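Content type mmCIF, C-alpha atoms, from the file model_16.cif:
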```cif
data_start
#
loop_
_atom_site.group_PDB
_atom_site.id
_atom_site.type_symbol
_atom_site.label_atom_id
_atom_site.label_comp_id
_atom_site.auth_asym_id
_atom_site.auth_seq_id
_atom_site.Cartn_x
_atom_site.Cartn_y
_atom_site.Cartn_z
ATOM 1 C CA MET S 1 -18.453 2.261 -30.372
ATOM 2 C CA SER S 2 -16.388 -0.820 -29.513
ATOM 3 C CA ALA S 3 -17.407 -3.371 -26.903
ATOM 4 C CA ASN S 4 -14.339 -2.564 -24.796
ATOM 5 C CA ALA S 5 -15.351 1.093 -24.599
ATOM 6 C CA THR S 6 -18.725 0.166 -23.144
ATOM 7 C CA GLU S 7 -17.440 -2.562 -20.836
ATOM 8 C CA MET S 8 -14.715 -0.449 -19.219
ATOM 9 C CA PRO S 9 -17.011 1.975 -17.349
ATOM 10 C CA LYS S 10 -19.238 -0.910 -16.258
ATOM 11 C CA GLY S 11 -16.234 -2.808 -14.927
ATOM 12 C CA ARG S 12 -15.032 0.183 -12.951
ATOM 13 C CA LEU S 13 -18.496 0.784 -11.571
ATOM 14 C CA ARG S 14 -18.691 -2.815 -10.385
ATOM 15 C CA GLN S 15 -15.299 -2.436 -8.716
ATOM 16 C CA LEU S 16 -16.450 0.711 -6.939
ATOM 17 C CA ILE S 17 -19.633 -0.969 -5.763
ATOM 18 C CA GLN S 18 -17.680 -3.996 -4.555
ATOM 19 C CA ALA S 19 -15.170 -1.807 -2.713
ATOM 20 C CA TYR S 20 -18.046 0.117 -1.115
ATOM 21 C CA ARG S 21 -19.802 -3.045 0.065
ATOM 22 C CA ILE S 22 -16.644 -4.598 1.493
ATOM 23 C CA THR S 23 -15.660 -1.398 3.273
ATOM 24 C CA LYS S 24 -19.145 -0.836 4.666
ATOM 25 C CA LYS S 25 -19.067 -4.221 6.405
ATOM 26 C CA GLY S 26 -16.205 -3.062 8.591
ATOM 27 C CA ASP S 27 -17.308 0.583 8.760
ATOM 28 C CA PRO S 28 -21.096 1.031 9.134
ATOM 29 C CA THR S 29 -20.635 4.824 9.256
ATOM 30 C CA LEU S 30 -19.220 4.859 5.716
ATOM 31 C CA PRO S 31 -22.405 6.189 4.014
ATOM 32 C CA LEU S 32 -22.598 9.158 6.406
ATOM 33 C CA ARG S 33 -18.881 9.849 5.989
ATOM 34 C CA LEU S 34 -19.132 9.871 2.207
ATOM 35 C CA LEU S 35 -22.269 12.020 2.269
ATOM 36 C CA ALA S 36 -20.602 14.532 4.575
ATOM 37 C CA TRP S 37 -17.530 14.789 2.349
ATOM 38 C CA PHE S 38 -19.699 15.155 -0.743
ATOM 39 C CA VAL S 39 -21.792 17.950 0.776
ATOM 40 C CA VAL S 40 -18.896 19.860 2.338
ATOM 41 C CA VAL S 41 -16.429 19.657 -0.547
ATOM 42 C CA GLY S 42 -19.142 20.057 -3.171
ATOM 43 C CA GLY S 43 -20.566 23.066 -1.348
ATOM 44 C CA ILE S 44 -17.166 24.724 -1.048
ATOM 45 C CA GLY S 45 -16.485 24.116 -4.736
ATOM 46 C CA ALA S 46 -19.844 25.552 -5.778
ATOM 47 C CA MET S 47 -19.411 28.628 -3.594
ATOM 48 C CA ALA S 48 -15.944 29.217 -5.022
ATOM 49 C CA MET S 49 -17.340 29.186 -8.559
ATOM 50 C CA LEU S 50 -20.125 31.599 -7.605
ATOM 51 C CA VAL S 51 -17.481 34.001 -6.304
ATOM 52 C CA LEU S 52 -15.385 33.738 -9.466
ATOM 53 C CA PHE S 53 -18.230 33.913 -11.988
ATOM 54 C CA ASN S 54 -21.281 36.127 -12.354
ATOM 55 C CA ARG S 55 -24.346 34.857 -10.545
ATOM 56 C CA ASP S 56 -26.366 34.525 -13.721
ATOM 57 C CA LEU S 57 -27.715 31.335 -15.243
ATOM 58 C CA VAL S 58 -24.371 30.354 -16.779
ATOM 59 C CA GLY S 59 -22.516 31.029 -13.528
ATOM 60 C CA ILE S 60 -25.001 28.982 -11.507
ATOM 61 C CA VAL S 61 -24.742 26.048 -13.945
ATOM 62 C CA ILE S 62 -20.938 26.145 -13.743
ATOM 63 C CA ALA S 63 -21.084 26.304 -9.947
ATOM 64 C CA VAL S 64 -23.470 23.340 -9.726
ATOM 65 C CA VAL S 65 -21.453 21.198 -12.142
ATOM 66 C CA PHE S 66 -18.161 22.043 -10.434
ATOM 67 C CA GLY S 67 -19.673 21.388 -7.019
ATOM 68 C CA LEU S 68 -20.966 17.974 -8.090
ATOM 69 C CA MET S 69 -17.628 17.018 -9.626
ATOM 70 C CA SER S 70 -15.700 18.223 -6.575
ATOM 71 C CA GLY S 71 -17.971 16.309 -4.221
ATOM 72 C CA LEU S 72 -17.739 13.155 -6.327
ATOM 73 C CA LEU S 73 -13.964 13.371 -6.432
ATOM 74 C CA ALA S 74 -13.847 13.742 -2.653
ATOM 75 C CA VAL S 75 -16.086 10.688 -2.262
ATOM 76 C CA LEU S 76 -13.827 8.586 -4.501
ATOM 77 C CA ILE S 77 -10.696 9.634 -2.619
ATOM 78 C CA VAL S 78 -12.232 8.947 0.797
ATOM 79 C CA LEU S 79 -13.703 5.634 -0.351
ATOM 80 C CA GLY S 80 -10.317 4.596 -1.710
ATOM 81 C CA ARG S 81 -8.599 5.315 1.588
ATOM 82 C CA ARG S 82 -11.294 3.638 3.652
ATOM 83 C CA ALA S 83 -11.218 0.588 1.363
ATOM 84 C CA GLU S 84 -7.468 0.366 1.800
ATOM 85 C CA HIS S 85 -7.799 0.533 5.586
ATOM 86 C CA ALA S 86 -10.512 -2.141 5.442
ATOM 87 C CA ALA S 87 -8.203 -4.385 3.435
ATOM 88 C CA TYR S 88 -5.437 -3.886 5.987
ATOM 89 C CA ALA S 89 -7.855 -4.730 8.794
ATOM 90 C CA GLN S 90 -8.765 -8.004 7.072
ATOM 91 C CA ILE S 91 -5.173 -9.179 6.666
ATOM 92 C CA GLU S 92 -3.613 -7.720 9.816
ATOM 93 C CA GLY S 93 -2.226 -10.411 12.095
ATOM 94 C CA GLN S 94 -2.224 -13.067 9.387
ATOM 95 C CA PRO S 95 1.023 -14.564 8.043
ATOM 96 C CA GLY S 96 2.021 -12.786 4.844
ATOM 97 C CA ALA S 97 0.183 -9.554 5.647
ATOM 98 C CA ALA S 98 3.356 -7.471 5.480
ATOM 99 C CA ALA S 99 4.262 -9.064 2.158
ATOM 100 C CA GLY S 100 0.878 -8.040 0.793
ATOM 101 C CA ALA S 101 1.413 -4.473 1.953
ATOM 102 C CA LEU S 102 4.933 -4.287 0.511
ATOM 103 C CA GLN S 103 3.619 -5.345 -2.888
ATOM 104 C CA MET S 104 1.996 -1.909 -3.047
ATOM 105 C CA LEU S 105 5.406 -0.289 -3.462
ATOM 106 C CA LYS S 106 5.731 1.158 -6.952
ATOM 107 C CA ARG S 107 8.614 1.186 -9.417
ATOM 108 C CA GLY S 108 12.054 1.644 -8.020
ATOM 109 C CA TRP S 109 11.604 -1.004 -5.335
ATOM 110 C CA ASP S 110 12.524 -4.674 -5.501
ATOM 111 C CA VAL S 111 10.366 -6.723 -3.125
ATOM 112 C CA LYS S 112 11.244 -10.306 -2.232
ATOM 113 C CA PRO S 113 8.677 -11.941 0.101
ATOM 114 C CA ALA S 114 9.729 -14.496 2.713
ATOM 115 C CA VAL S 115 13.494 -14.539 2.257
ATOM 116 C CA ALA S 116 13.588 -16.218 5.675
ATOM 117 C CA PHE S 117 10.996 -18.000 7.795
ATOM 118 C CA THR S 118 10.450 -20.300 10.736
ATOM 119 C CA ARG S 119 8.103 -23.219 11.338
ATOM 120 C CA ASN S 120 6.012 -20.894 13.479
ATOM 121 C CA GLN S 121 5.299 -18.714 10.419
ATOM 122 C CA ASP S 122 7.627 -15.896 11.419
ATOM 123 C CA LEU S 123 8.632 -14.240 8.161
ATOM 124 C CA VAL S 124 11.277 -11.836 6.920
ATOM 125 C CA HIS S 125 10.720 -9.995 3.645
ATOM 126 C CA ARG S 126 13.333 -8.010 1.757
ATOM 127 C CA VAL S 127 13.010 -4.683 -0.008
ATOM 128 C CA ILE S 128 15.846 -3.158 -2.020
ATOM 129 C CA GLY S 129 15.565 0.508 -2.916
ATOM 130 C CA ARG S 130 17.371 3.820 -2.654
ATOM 131 C CA PRO S 131 17.579 3.520 1.169
ATOM 132 C CA GLY S 132 19.550 0.293 0.686
ATOM 133 C CA VAL S 133 18.421 -3.129 1.874
ATOM 134 C CA VAL S 134 15.350 -3.162 4.117
ATOM 135 C CA LEU S 135 14.472 -6.360 5.971
ATOM 136 C CA VAL S 136 10.884 -6.479 7.238
ATOM 137 C CA GLY S 137 9.930 -9.035 9.869
ATOM 138 C CA GLU S 138 6.466 -10.154 10.978
ATOM 139 C CA GLY S 139 5.394 -12.685 13.562
ATOM 140 C CA ASN S 140 6.353 -13.197 17.188
ATOM 141 C CA PRO S 141 8.452 -10.108 18.104
ATOM 142 C CA SER S 142 11.187 -11.972 20.003
ATOM 143 C CA ARG S 143 11.616 -14.673 17.363
ATOM 144 C CA VAL S 144 11.406 -12.157 14.529
ATOM 145 C CA LYS S 145 14.130 -9.977 16.049
ATOM 146 C CA GLN S 146 16.458 -12.956 16.270
ATOM 147 C CA LEU S 147 15.631 -13.935 12.696
ATOM 148 C CA LEU S 148 16.183 -10.356 11.530
ATOM 149 C CA ALA S 149 19.553 -10.190 13.288
ATOM 150 C CA THR S 150 20.686 -13.363 11.514
ATOM 151 C CA GLU S 151 19.454 -12.117 8.147
ATOM 152 C CA LYS S 152 21.017 -8.708 8.622
ATOM 153 C CA THR S 153 24.411 -10.335 9.139
ATOM 154 C CA LYS S 154 24.002 -12.417 5.973
ATOM 155 C CA HIS S 155 22.799 -9.499 3.856
ATOM 156 C CA GLN S 156 25.394 -7.081 5.181
ATOM 157 C CA ARG S 157 28.136 -9.557 4.324
ATOM 158 C CA ILE S 158 26.968 -9.600 0.701
ATOM 159 C CA ALA S 159 26.126 -5.910 0.464
ATOM 160 C CA SER S 160 29.477 -5.051 2.063
ATOM 161 C CA ASP S 161 29.946 -1.297 2.342
ATOM 162 C CA ASP S 162 27.963 -0.608 -0.830
ATOM 163 C CA ALA S 163 24.610 -0.363 0.918
ATOM 164 C CA PRO S 164 23.255 -0.226 4.493
ATOM 165 C CA VAL S 165 20.942 -2.929 5.782
ATOM 166 C CA HIS S 166 17.922 -1.745 7.777
ATOM 167 C CA THR S 167 15.494 -3.855 9.826
ATOM 168 C CA ILE S 168 11.810 -3.265 10.561
ATOM 169 C CA VAL S 169 9.472 -5.231 12.812
ATOM 170 C CA VAL S 170 5.801 -5.003 11.870
ATOM 171 C CA GLY S 171 3.427 -4.754 14.831
ATOM 172 C CA ASN S 172 1.740 -2.455 17.293
ATOM 173 C CA GLY S 173 4.368 -2.520 20.043
ATOM 174 C CA ASP S 174 7.085 -0.035 20.954
ATOM 175 C CA GLY S 175 9.654 0.374 18.203
ATOM 176 C CA GLU S 176 7.450 -1.506 15.756
ATOM 177 C CA VAL S 177 5.797 -0.191 12.598
ATOM 178 C CA LYS S 178 2.064 -0.656 12.141
ATOM 179 C CA LEU S 179 0.970 -2.566 9.061
ATOM 180 C CA THR S 180 -1.088 0.388 7.837
ATOM 181 C CA LYS S 181 1.993 2.636 7.964
ATOM 182 C CA LEU S 182 4.550 0.156 6.636
ATOM 183 C CA VAL S 183 4.601 1.260 2.996
ATOM 184 C CA ARG S 184 4.825 4.959 3.831
ATOM 185 C CA HIS S 185 7.500 4.259 6.424
ATOM 186 C CA VAL S 186 9.654 2.499 3.834
ATOM 187 C CA GLN S 187 9.031 5.197 1.224
ATOM 188 C CA LYS S 188 10.102 7.949 3.632
ATOM 189 C CA MET S 189 13.399 6.303 4.521
ATOM 190 C CA LYS S 190 16.481 8.335 3.638
ATOM 191 C CA LYS S 191 17.947 7.659 0.190
ATOM 192 C CA GLU S 192 21.477 6.398 0.742
ATOM 193 C CA ILE S 193 22.505 4.675 -2.508
ATOM 194 C CA GLN S 194 22.376 5.481 -6.213
ATOM 195 C CA PRO S 195 20.257 3.522 -8.755
ATOM 196 C CA ALA S 196 23.361 1.854 -10.218
ATOM 197 C CA THR S 197 24.363 0.612 -6.773
ATOM 198 C CA GLN S 198 20.830 -0.587 -6.157
ATOM 199 C CA THR S 199 20.939 -2.673 -9.338
ATOM 200 C CA ALA S 200 24.307 -4.137 -8.359
ATOM 201 C CA ILE S 201 23.000 -5.084 -4.905
ATOM 202 C CA MET S 202 19.981 -6.800 -6.444
ATOM 203 C CA GLN S 203 22.298 -8.902 -8.599
ATOM 204 C CA LYS S 204 24.426 -9.827 -5.586
ATOM 205 C CA MET S 205 21.379 -10.945 -3.593
ATOM 206 C CA LYS S 206 20.469 -13.496 -6.259
ATOM 207 C CA ALA S 207 23.388 -15.616 -5.106
ATOM 208 C CA LEU S 208 22.058 -15.610 -1.539
ATOM 209 C CA ASP S 209 18.513 -16.416 -2.686
ATOM 210 C CA ALA S 210 19.732 -19.321 -4.818
ATOM 211 C CA MET S 211 20.991 -21.106 -1.692
ATOM 212 C CA ARG S 212 17.668 -20.838 0.132
ATOM 213 C CA PRO S 213 14.762 -23.316 0.099
ATOM 214 C CA ALA S 214 11.490 -22.100 -1.344
ATOM 215 C CA ALA S 215 9.421 -20.300 1.268
ATOM 216 C CA PRO S 216 5.985 -21.828 2.003
ATOM 217 C CA MET S 217 4.010 -18.582 1.752
ATOM 218 C CA PRO S 218 0.477 -18.892 3.183
ATOM 219 C CA ARG S 219 -2.252 -19.366 0.622
ATOM 220 C CA GLY S 220 -5.358 -17.232 0.455
ATOM 221 C CA PRO S 221 -6.141 -13.520 0.129
ATOM 222 C CA MET S 222 -3.417 -12.201 2.449
ATOM 223 C CA PRO S 223 -0.693 -11.342 -0.060
ATOM 224 C CA THR S 224 -2.977 -9.447 -2.438
ATOM 225 C CA SER S 225 -5.888 -8.003 -0.458
ATOM 226 C CA ALA S 226 -4.331 -4.631 0.364
ATOM 227 C CA LYS S 227 -2.996 -4.248 -3.151
ATOM 228 C CA GLY S 228 -6.376 -5.257 -4.578
ATOM 229 C CA ALA S 229 -8.154 -2.527 -2.657
ATOM 230 C CA ARG S 230 -6.055 0.137 -4.323
ATOM 231 C CA ARG S 231 -6.476 -1.558 -7.725
ATOM 232 C CA GLN S 232 -10.246 -1.475 -7.320
ATOM 233 C CA MET S 233 -10.184 2.275 -6.852
ATOM 234 C CA ARG S 234 -7.864 2.808 -9.825
ATOM 235 C CA GLY S 235 -9.878 0.586 -12.136
#
```

Reformat the file's structure so that it appears as structure tokens.
Amino acid sequence: MSANATEMPKGRLRQLIQAYRITKKGDPTLPLRLLAWFVVVGGIGAMAMLVLFNRDLVGIVIAVVFGLMSGLLAVLIVLGRRAEHAAYAQIEGQPGAAAGALQMLKRGWDVKPAVAFTRNQDLVHRVIGRPGVVLVGEGNPSRVKQLLATEKTKHQRIASDDAPVHTIVVGNGDGEVKLTKLVRHVQKMKKEIQPATQTAIMQKMKALDAMRPAAPMPRGPMPTSAKGARRQMRG
């Protein structure tokens, strides 16, 4: 057996333990939550197997194994979600938090952090996908809305009629999107352009980006914490 084959499970186990410890700091009830999910889901799985199979020795063994696997799977899913929420809680309110969340978007999305910013660390990030161009602002709501309006005009001029330009303000106020719901909100937006148009828009935006100064993105764990939480659970 190769060294990589033995190191891989150990590495994943360490990641799980680390995710558990980090999440438990912000959620002391985590052990009870995980235990409850393990018992309930595992019990349901075991009972289902006992109904399907004969209640002899083989059937009982199958039920126990299936129950344990079902309970363990439930624990991993719940831990993954709780770890993700804990990561969001750590970065929420910090400059660059929305950029970190948007990095969790999978293939099919082009994410450009901090396409516009102010000295007060108000930021606008850009996402290009099937819904068109999505500008995401974070910071002081009044300043961000003004910054978004300016950026929308610039982006719409370049996108022309090929793609719509949407704006989102990240926050907890009325009309704002919470950080924890940002990625899902963007993913659920109506698809309005074709992949070929999306690629063309991305090429057009390079001209706009070339005229901008480099954005001083905040250093530290903010841009990657939320993404790292999901990576830890995937291994």

Hey, what's within 9 Å of region 165-180 of chain S if we count all atoms listed in the file and toss same-chain stuff fewer than 4 positions away? As a ChimeraX atom specification, please? /S:84-85,88-89,92-93,97-98,101,131-139,141,144-145,148-149,152-153,155-156,159,184-185

Mind checking which residues fall within 10 Å of region 57-66 of chain S, counting all atoms listed in the file, ignoring those fewer than 2 positions away in the same chain, and posting them as a CSV table (one decimal) with C-alpha atoms, in the frame of the given file?
```
chain,number,residue,atom,x,y,z
S,42,GLY,CA,-19.1,20.1,-3.2
S,43,GLY,CA,-20.6,23.1,-1.3
S,44,ILE,CA,-17.2,24.7,-1.0
S,45,GLY,CA,-16.5,24.1,-4.7
S,46,ALA,CA,-19.8,25.6,-5.8
S,47,MET,CA,-19.4,28.6,-3.6
S,48,ALA,CA,-15.9,29.2,-5.0
S,49,MET,CA,-17.3,29.2,-8.6
S,50,LEU,CA,-20.1,31.6,-7.6
S,51,VAL,CA,-17.5,34.0,-6.3
S,52,LEU,CA,-15.4,33.7,-9.5
S,53,PHE,CA,-18.2,33.9,-12.0
S,54,ASN,CA,-21.3,36.1,-12.4
S,55,ARG,CA,-24.3,34.9,-10.5
S,68,LEU,CA,-21.0,18.0,-8.1
S,69,MET,CA,-17.6,17.0,-9.6
S,70,SER,CA,-15.7,18.2,-6.6
S,71,GLY,CA,-18.0,16.3,-4.2
S,72,LEU,CA,-17.7,13.2,-6.3
```

Which residues, written as an mmCIF file with C-alpha atoms, in the frame of the given file, have at least one atom at most 12 Å from Arg212 (chain S), with only C-alpha atoms counted and residues fewer than 6 positions away on the same chain left out?
```
data_model
loop_
_atom_site.group_PDB
_atom_site.id
_atom_site.type_symbol
_atom_site.label_atom_id
_atom_site.label_comp_id
_atom_site.auth_asym_id
_atom_site.auth_seq_id
_atom_site.Cartn_x
_atom_site.Cartn_y
_atom_site.Cartn_z
ATOM 1 C CA ALA S 114 9.729 -14.496 2.713
ATOM 2 C CA VAL S 115 13.494 -14.539 2.257
ATOM 3 C CA ALA S 116 13.588 -16.218 5.675
ATOM 4 C CA PHE S 117 10.996 -18.000 7.795
ATOM 5 C CA GLU S 151 19.454 -12.117 8.147
ATOM 6 C CA MET S 205 21.379 -10.945 -3.593
ATOM 7 C CA LYS S 206 20.469 -13.496 -6.259
#
```

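Using all atoms listed in the file, the smallest distance between any of S:Val183, S:Leu30, S:Met104, S:Leu147 and Leu123 (chain S) comes from S:Leu147.
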
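Between CA of Gln18 (chain S) and CA of Pro31 (chain S) the interatomic distance comes to 14.1 Å.
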
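From CA of Gln194 (chain S) back to CA of Asp161 (chain S), the distance works out to 13.3 Å.
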
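Here CA of Val127 (chain S) is placed at a distance of 16.3 Å from CA of Thr150 (chain S).
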
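When only C-alpha atoms are used to compute distances to Gln198 (chain S), the closest of the residues S:Trp109, S:Asn140, S:Asn120, S:Val186 turns out to be S:Trp109.
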
Nearest to Leu102 (chain S): which of S:Leu182, S:Leu16, S:Ala86, S:Ile128 is it, counting all atoms listed in the file? S:Leu182
